[in-house]
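> Pasting data-v2.txt below, which is compact mmCIF, C-alpha atoms.
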# COMPACT_ATOMS: atom_id res chain seq x y z
CA MET C 1 -4.10 19.94 -41.09
CA ASN C 2 -1.56 20.91 -38.42
CA LYS C 3 -4.33 22.55 -36.38
CA ILE C 4 -6.42 19.39 -36.53
CA SER C 5 -3.44 17.24 -35.56
CA SER C 6 -2.58 19.58 -32.68
CA TRP C 7 -6.20 19.64 -31.48
CA PHE C 8 -6.43 15.85 -31.62
CA LYS C 9 -3.20 15.44 -29.64
CA THR C 10 -4.36 17.96 -27.04
CA GLU C 11 -7.71 16.21 -26.63
CA LEU C 12 -6.04 12.80 -26.46
CA ASP C 13 -3.68 13.97 -23.71
CA ASP C 14 -6.62 15.59 -21.92
CA THR C 15 -8.60 12.34 -22.10
CA LYS C 16 -5.67 10.28 -20.80
CA LEU C 17 -5.33 12.61 -17.82
CA LEU C 18 -9.08 12.48 -17.23
CA LEU C 19 -9.12 8.68 -17.16
CA ARG C 20 -6.22 8.70 -14.71
CA SER C 21 -8.10 11.19 -12.54
CA ILE C 22 -11.48 9.44 -12.27
CA PRO C 23 -11.47 6.43 -9.89
CA SER C 24 -11.33 3.27 -11.98
CA LEU C 25 -14.25 1.67 -10.12
CA THR C 26 -16.52 4.54 -11.20
CA VAL C 27 -15.53 4.15 -14.86
CA CYS C 28 -15.96 0.38 -14.53
CA PHE C 29 -19.50 0.75 -13.13
CA PHE C 30 -20.33 3.24 -15.87
CA VAL C 31 -19.11 1.07 -18.75
CA LEU C 32 -20.70 -2.09 -17.34
CA SER C 33 -24.04 -0.33 -16.89
CA VAL C 34 -23.99 0.81 -20.53
CA VAL C 35 -23.13 -2.68 -21.83
CA CYS C 36 -25.64 -4.44 -19.55
CA ALA C 37 -28.43 -1.95 -20.31
CA ASN C 38 -27.90 -2.48 -24.04
CA LEU C 39 -27.92 -6.28 -23.72
CA MET C 40 -30.86 -6.55 -21.32
CA ALA C 41 -32.96 -4.14 -23.40
CA ASN C 42 -33.85 -7.27 -25.40
CA LYS C 43 -36.10 -8.54 -22.60
CA GLU C 44 -39.33 -7.00 -21.31
CA LEU C 45 -39.57 -6.21 -17.63
CA ILE C 46 -43.08 -4.70 -17.61
CA SER C 47 -45.49 -4.42 -20.52
CA TYR C 48 -48.98 -3.14 -19.74
CA LYS C 49 -50.74 -0.84 -22.19
CA PHE C 50 -48.60 2.32 -22.31
CA ILE C 51 -46.37 1.21 -19.43
CA VAL C 52 -43.38 -0.49 -21.03
CA PHE C 53 -40.05 -1.14 -19.32
CA ASP C 54 -37.33 -3.42 -20.61
CA CYS C 55 -34.77 -5.04 -18.31
CA GLY C 56 -32.21 -2.45 -19.38
CA PHE C 57 -34.13 -0.10 -17.07
CA VAL C 58 -32.43 -1.81 -14.13
CA PHE C 59 -29.07 -0.48 -15.35
CA SER C 60 -29.95 2.75 -17.16
CA TRP C 61 -30.30 4.88 -14.03
CA VAL C 62 -26.75 3.81 -13.02
CA MET C 63 -25.42 5.38 -16.22
CA PHE C 64 -27.01 8.72 -15.48
CA LEU C 65 -25.97 8.72 -11.82
CA CYS C 66 -22.38 8.12 -12.94
CA MET C 67 -22.70 10.96 -15.47
CA ASP C 68 -24.03 13.27 -12.76
CA ILE C 69 -21.26 12.65 -10.25
CA ILE C 70 -18.57 12.92 -12.93
CA CYS C 71 -20.12 16.16 -14.18
CA LYS C 72 -20.35 17.54 -10.64
CA ARG C 73 -16.65 16.88 -9.95
CA TRP C 74 -14.97 17.29 -13.34
CA GLY C 75 -17.45 19.19 -15.50
CA ALA C 76 -19.66 18.62 -18.56
CA LYS C 77 -16.80 18.01 -20.98
CA ALA C 78 -15.43 15.23 -18.80
CA SER C 79 -18.85 13.61 -18.48
CA ILE C 80 -19.39 13.68 -22.24
CA LYS C 81 -15.93 12.22 -22.92
CA VAL C 82 -16.40 9.31 -20.53
CA SER C 83 -19.88 8.70 -21.99
CA LEU C 84 -18.46 8.49 -25.51
CA ILE C 85 -15.72 6.13 -24.33
CA ALA C 86 -18.36 3.91 -22.72
CA LEU C 87 -20.35 4.00 -25.96
CA LEU C 88 -17.33 2.95 -28.04
CA ILE C 89 -16.64 0.06 -25.68
CA ASN C 90 -20.29 -0.96 -25.87
CA LEU C 91 -20.22 -0.89 -29.69
CA ALA C 92 -17.05 -3.00 -29.64
CA VAL C 93 -18.75 -5.53 -27.35
CA CYS C 94 -21.80 -5.58 -29.64
CA GLY C 95 -19.50 -6.23 -32.60
CA VAL C 96 -17.77 -9.12 -30.83
CA PHE C 97 -21.12 -10.58 -29.76
CA ALA C 98 -22.39 -10.33 -33.35
CA LEU C 99 -19.35 -12.18 -34.67
CA LEU C 100 -19.55 -14.88 -31.99
CA ALA C 101 -23.26 -15.33 -32.72
CA LEU C 102 -22.25 -16.42 -36.22
CA ALA C 103 -20.10 -19.24 -34.83
CA PRO C 104 -21.55 -22.67 -35.73
CA GLY C 105 -21.42 -23.98 -32.14
CA LYS C 106 -24.46 -24.49 -29.93
CA TRP C 107 -25.43 -22.66 -26.74
CA GLY C 108 -25.51 -24.59 -23.45
CA GLU C 109 -29.30 -24.32 -23.39
CA PHE C 110 -29.39 -26.37 -26.60
CA TYR C 111 -28.17 -29.43 -24.68
CA SER C 112 -30.52 -28.98 -21.71
CA SER C 113 -33.30 -30.91 -23.48
CA GLU C 114 -33.82 -33.28 -26.38
CA VAL C 115 -32.56 -32.08 -29.72
CA ASN C 116 -35.71 -31.08 -31.58
CA GLU C 117 -37.29 -28.09 -33.27
CA ILE C 118 -37.68 -26.30 -29.94
CA SER C 119 -34.02 -26.61 -28.93
CA ILE C 120 -32.96 -25.47 -32.40
CA ALA C 121 -35.30 -22.48 -32.13
CA VAL C 122 -33.90 -21.64 -28.68
CA ASN C 123 -30.35 -21.75 -30.03
CA SER C 124 -31.33 -19.49 -32.93
CA ALA C 125 -33.10 -17.08 -30.57
CA LEU C 126 -30.01 -16.78 -28.36
CA ASN C 127 -27.86 -16.08 -31.42
CA ASN C 128 -30.29 -13.36 -32.52
CA THR C 129 -30.41 -11.84 -29.03
CA PHE C 130 -26.65 -11.60 -28.59
CA GLY C 131 -26.04 -10.85 -32.27
CA GLY C 132 -28.38 -7.88 -32.11
CA ALA C 133 -30.23 -6.10 -34.89
CA TRP C 134 -28.37 -3.23 -36.57
CA TYR C 135 -31.27 -0.81 -36.12
CA VAL C 136 -31.45 -1.52 -32.37
CA VAL C 137 -27.71 -0.90 -31.97
CA LEU C 138 -27.94 2.24 -34.12
CA GLY C 139 -30.97 3.58 -32.24
CA SER C 140 -29.39 2.84 -28.88
CA ALA C 141 -26.10 4.51 -29.84
CA LEU C 142 -27.83 7.61 -31.20
CA ALA C 143 -30.11 7.95 -28.17
CA PHE C 144 -27.28 7.47 -25.68
CA THR C 145 -24.97 9.94 -27.43
CA VAL C 146 -27.53 12.74 -27.60
CA SER C 147 -28.94 12.15 -24.10
CA SER C 148 -25.49 12.06 -22.48
CA ILE C 149 -24.64 15.41 -24.07
CA VAL C 150 -27.99 16.89 -22.99
CA ASN C 151 -27.53 15.56 -19.46
CA ALA C 152 -23.99 16.92 -19.07
CA LEU C 153 -24.68 20.37 -20.52
CA LEU C 154 -27.93 20.85 -18.61
CA ASN C 155 -26.43 19.56 -15.36
CA SER C 156 -23.49 21.94 -15.68
CA LEU C 157 -25.71 24.88 -16.68
CA ILE C 158 -27.98 24.45 -13.66
CA GLY C 159 -24.95 24.07 -11.39
CA LYS C 160 -23.56 27.42 -12.56
CA HIS C 161 -26.81 29.20 -11.70
CA VAL C 162 -27.32 27.63 -8.27
CA SER C 163 -25.40 29.44 -5.55
CA GLU C 164 -26.42 27.02 -2.81
CA LYS C 165 -24.03 24.23 -1.92
CA GLY C 166 -24.93 20.88 -0.45
CA PHE C 167 -27.23 17.99 -1.32
CA GLY C 168 -30.12 20.24 -2.35
CA ALA C 169 -28.09 21.84 -5.13
CA PHE C 170 -26.73 18.46 -6.25
CA ALA C 171 -30.24 17.00 -6.28
CA LEU C 172 -31.70 19.93 -8.24
CA ARG C 173 -29.16 19.77 -11.05
CA SER C 174 -29.17 15.96 -11.14
CA TYR C 175 -32.93 15.43 -11.08
CA ILE C 176 -33.76 18.01 -13.75
CA SER C 177 -30.96 16.97 -16.11
CA THR C 178 -31.68 13.27 -15.62
CA MET C 179 -35.42 13.64 -16.21
CA LEU C 180 -35.00 15.59 -19.45
CA ALA C 181 -32.05 13.55 -20.72
CA GLN C 182 -33.82 10.27 -19.99
CA PHE C 183 -36.85 11.52 -21.89
CA VAL C 184 -34.60 12.41 -24.85
CA ASP C 185 -32.96 8.97 -24.65
CA ASN C 186 -36.29 7.12 -24.54
CA PHE C 187 -37.88 9.33 -27.20
CA LEU C 188 -35.04 8.93 -29.71
CA PHE C 189 -34.82 5.18 -29.20
CA ALA C 190 -38.59 4.71 -29.41
CA THR C 191 -38.73 6.86 -32.55
CA VAL C 192 -35.84 5.21 -34.39
CA VAL C 193 -36.62 1.64 -33.37
CA SER C 194 -40.18 1.22 -32.07
CA LYS C 195 -41.98 3.61 -34.45
CA PHE C 196 -40.12 3.00 -37.69
CA PHE C 197 -39.56 -0.75 -37.28
CA PHE C 198 -42.44 -1.88 -35.04
CA GLY C 199 -45.19 0.53 -36.02
CA TRP C 200 -45.68 2.44 -32.78
CA THR C 201 -47.86 5.55 -32.91
CA TRP C 202 -46.52 8.95 -31.83
CA ILE C 203 -48.79 8.79 -28.78
CA GLN C 204 -47.16 5.52 -27.73
CA VAL C 205 -43.70 6.97 -28.31
CA VAL C 206 -44.32 10.10 -26.22
CA ILE C 207 -46.22 8.44 -23.36
CA CYS C 208 -43.76 5.56 -23.02
CA SER C 209 -40.86 8.02 -23.12
CA ILE C 210 -42.38 10.08 -20.31
CA ILE C 211 -43.24 7.06 -18.17
CA GLY C 212 -39.75 5.63 -18.67
CA ALA C 213 -38.12 8.93 -17.75
CA VAL C 214 -40.21 9.22 -14.59
CA GLY C 215 -39.35 5.66 -13.57
CA GLU C 216 -35.63 6.21 -14.10
CA LEU C 217 -35.83 9.54 -12.25
CA LEU C 218 -37.35 7.78 -9.23
CA CYS C 219 -34.39 5.39 -9.17
CA GLU C 220 -32.01 8.35 -9.37
CA ILE C 221 -33.81 10.06 -6.48
CA PHE C 222 -33.58 6.91 -4.38
CA PHE C 223 -29.84 6.46 -4.94
CA SER C 224 -28.73 10.08 -5.34
CA GLY C 225 -27.68 10.25 -1.69
CA ILE C 226 -25.00 7.67 -2.42
CA GLY C 227 -23.81 9.65 -5.43
CA TYR C 228 -23.62 12.84 -3.39
CA ARG C 229 -21.57 11.18 -0.64
CA VAL C 230 -19.18 9.82 -3.27
CA VAL C 231 -18.68 13.30 -4.75
CA CYS C 232 -18.13 14.82 -1.29
CA LYS C 233 -15.53 12.15 -0.54
CA TRP C 234 -13.74 12.96 -3.80
CA GLU C 235 -13.73 16.65 -2.94
CA ARG C 236 -12.40 16.07 0.59
CA GLU C 237 -9.64 13.81 -0.69
CA ASN C 238 -8.89 16.09 -3.66
CA VAL C 239 -9.41 13.23 -6.12
CA GLY C 240 -8.67 14.16 -9.73
CA SER C 241 -7.11 17.51 -8.86
CA ASP C 242 -4.51 17.20 -11.63
CA TYR C 243 -7.23 17.30 -14.29
CA LEU C 244 -9.03 20.19 -12.60
CA ASN C 245 -5.81 22.18 -12.26
CA LYS C 246 -5.07 21.70 -15.95
CA GLN C 247 -8.54 22.94 -16.92
CA THR C 248 -8.13 26.12 -14.88
CA ALA C 249 -4.50 26.76 -15.88
What do you get writing this file as structure tokens?

Amino acid sequence: MNKISSWFKTELDDTKLLLRSIPSLTVCFFVLSVVCANLMANKELISYKFIVFDCGFVFSWVMFLCMDIICKRWGAKASIKVSLIALLINLAVCGVFALLALAPGKWGEFYSSEVNEISIAVNSALNNTFGGAWYVVLGSALAFTVSSIVNALLNSLIGKHVSEKGFGAFALRSYISTMLAQFVDNFLFATVVSKFFFGWTWIQVVICSIIGAVGELLCEIFFSGIGYRVVCKWERENVGSDYLNKQTA
């Protein structure tokens, strides 16, 4: 029991130092992208045969870019910890939304037209959207947890075996880890939610997971230059050195 208590205290202190070390704007972007991706996943962006993207796609690549730059500067453990913190905040937001959806009041859209069956249906639909289904929240949480761990470990592993420095090395570790982790994320979510609750076939699950991963990878490629410049700036300014020094002590 004492060992568990000591381990917990050590990890808590380590996490506090980590959060003080990472620029707050980065953590803010990360958490917001997770919350927004989860919320906007309720709306289709593109749906054509096997090509399916929800609006959460617009934010999902931001999550993985944040993971990559955190992993590059502070390591896999740091990336996983911040990912789990973002997940907990997202679950808390989902819980609050679910409770507020039960409130008897009406949404603003309810009053934008005559009170009839349509306006009542719109109000109910908004409550269902923000309230969320338990299996969607569960599937999203499971997929994000596993994919963030895969991304961090793979990113770090590739980084250790690449001697080259510069954008090429950053791109290599980021693109490979993002592609595979995004596939894992899409595959787990599609399996837990789309297959078991909406009757997707395994072919649909796999193809949509691959297409989604490729699409999110393209976004990462387009914006990775920004991520690399941010990391270089952190390194020049010695940002978060206290955490790094503690890890190597």
> Can you list, as a PDB file with C-alpha atoms, in the coordinates of the input, every protein, DNA or RNA residue that comes within 6 Å of Ala98 in chain C when you count all atoms listed in the file, leaving out same-chain residues fewer than 3 positions away?

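Below is the file that was written, result10.pdb:
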ATOM      1  CA  GLY C  95     -19.500  -6.230 -32.600  1.00  0.00           C
ATOM      2  CA  ALA C 101     -23.260 -15.330 -32.720  1.00  0.00           C
ATOM      3  CA  GLY C 131     -26.040 -10.850 -32.270  1.00  0.00           C
TER       4      GLY C 131
END
> Which distance in Å separates CA of Ile89 in chain C and CA of Ile176 in chain C, to one decimal?
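These two atoms are separated by 27.5 Å.
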> Tell me which protein, DNA and RNA residues are within 8 Å of Ser177 in chain C, counting only C-alpha atoms, leaving out same-chain ones fewer than 4 positions away, and put them as an MDAnalysis selection string.
chainID C and resid 150:152 154:155 173 181
> Quick one: residues within 8 Å of Phe189 in chain C, all atoms listed in the file, excluding same-chain residues fewer than 5 positions away - as a list in words?
Gly139, Ser140, Leu142, Ala143 and Ser194 of chain C
> Between C:Gly56, C:Gly212, C:Gly75, C:Gly168, which residue has the minimum interatomic distance to Ile22 in chain C, considering only C-alpha atoms?
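Counting only C-alpha atoms, the residue closest to Ile22 in chain C is C:Gly75.
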> What's around Asn42 in chain C at 8 Å? Count all atoms listed in the file, leave out sequence neighbours fewer than 5 positions away in its own chain, and write the answer as number ranges by chain.
C: 54-56, 129
> Measuring atom to atom with all atoms listed in the file, identify which of C:Gln182, C:Ser21, C:Ser124, C:Ser112 is nearest to Trp74 in chain C.
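Of all the options, C:Ser21 lies closest to Trp74 in chain C.
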> For each of C:Ser33, C:Ser156, C:Gln247, C:Thr145, take the minimum atom-to-atom distance to Val184 in chain C, counting all atoms listed in the file, then give the residue where this is smallest.
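The closest residue to Val184 in chain C is C:Thr145.
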> Looking at C:Leu65, C:Ala76, C:Val96, C:Cys208, which one is nearest to Lys49 in chain C, with distances taken over all atoms listed in the file?
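Among C:Leu65, C:Ala76, C:Val96, C:Cys208, it is C:Cys208 that comes nearest to Lys49 in chain C.
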> Could you tell me how far CA of His161 in chain C sits from CA of Phe222 in chain C, in Å to one decimal place?
24.4 Å
> Using only C-alpha atoms for the distances, tell me which of C:Thr191, C:Ser79, C:Asn90, C:Ser5 is nearest to Ala141 in chain C.
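Looking at the shortest contact to Ala141 in chain C, the residue is C:Asn90.
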> Which distance in Å separates CA of Ile80 in chain C and CA of Thr15 in chain C, to one decimal?
10.9 Å
> Which one is closest to Phe183 in chain C: C:Ser47, C:Thr248, C:Asn123, C:Ser148? Count only C-alpha atoms.
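Answer, going by the shortest atom-to-atom distance: C:Ser148.
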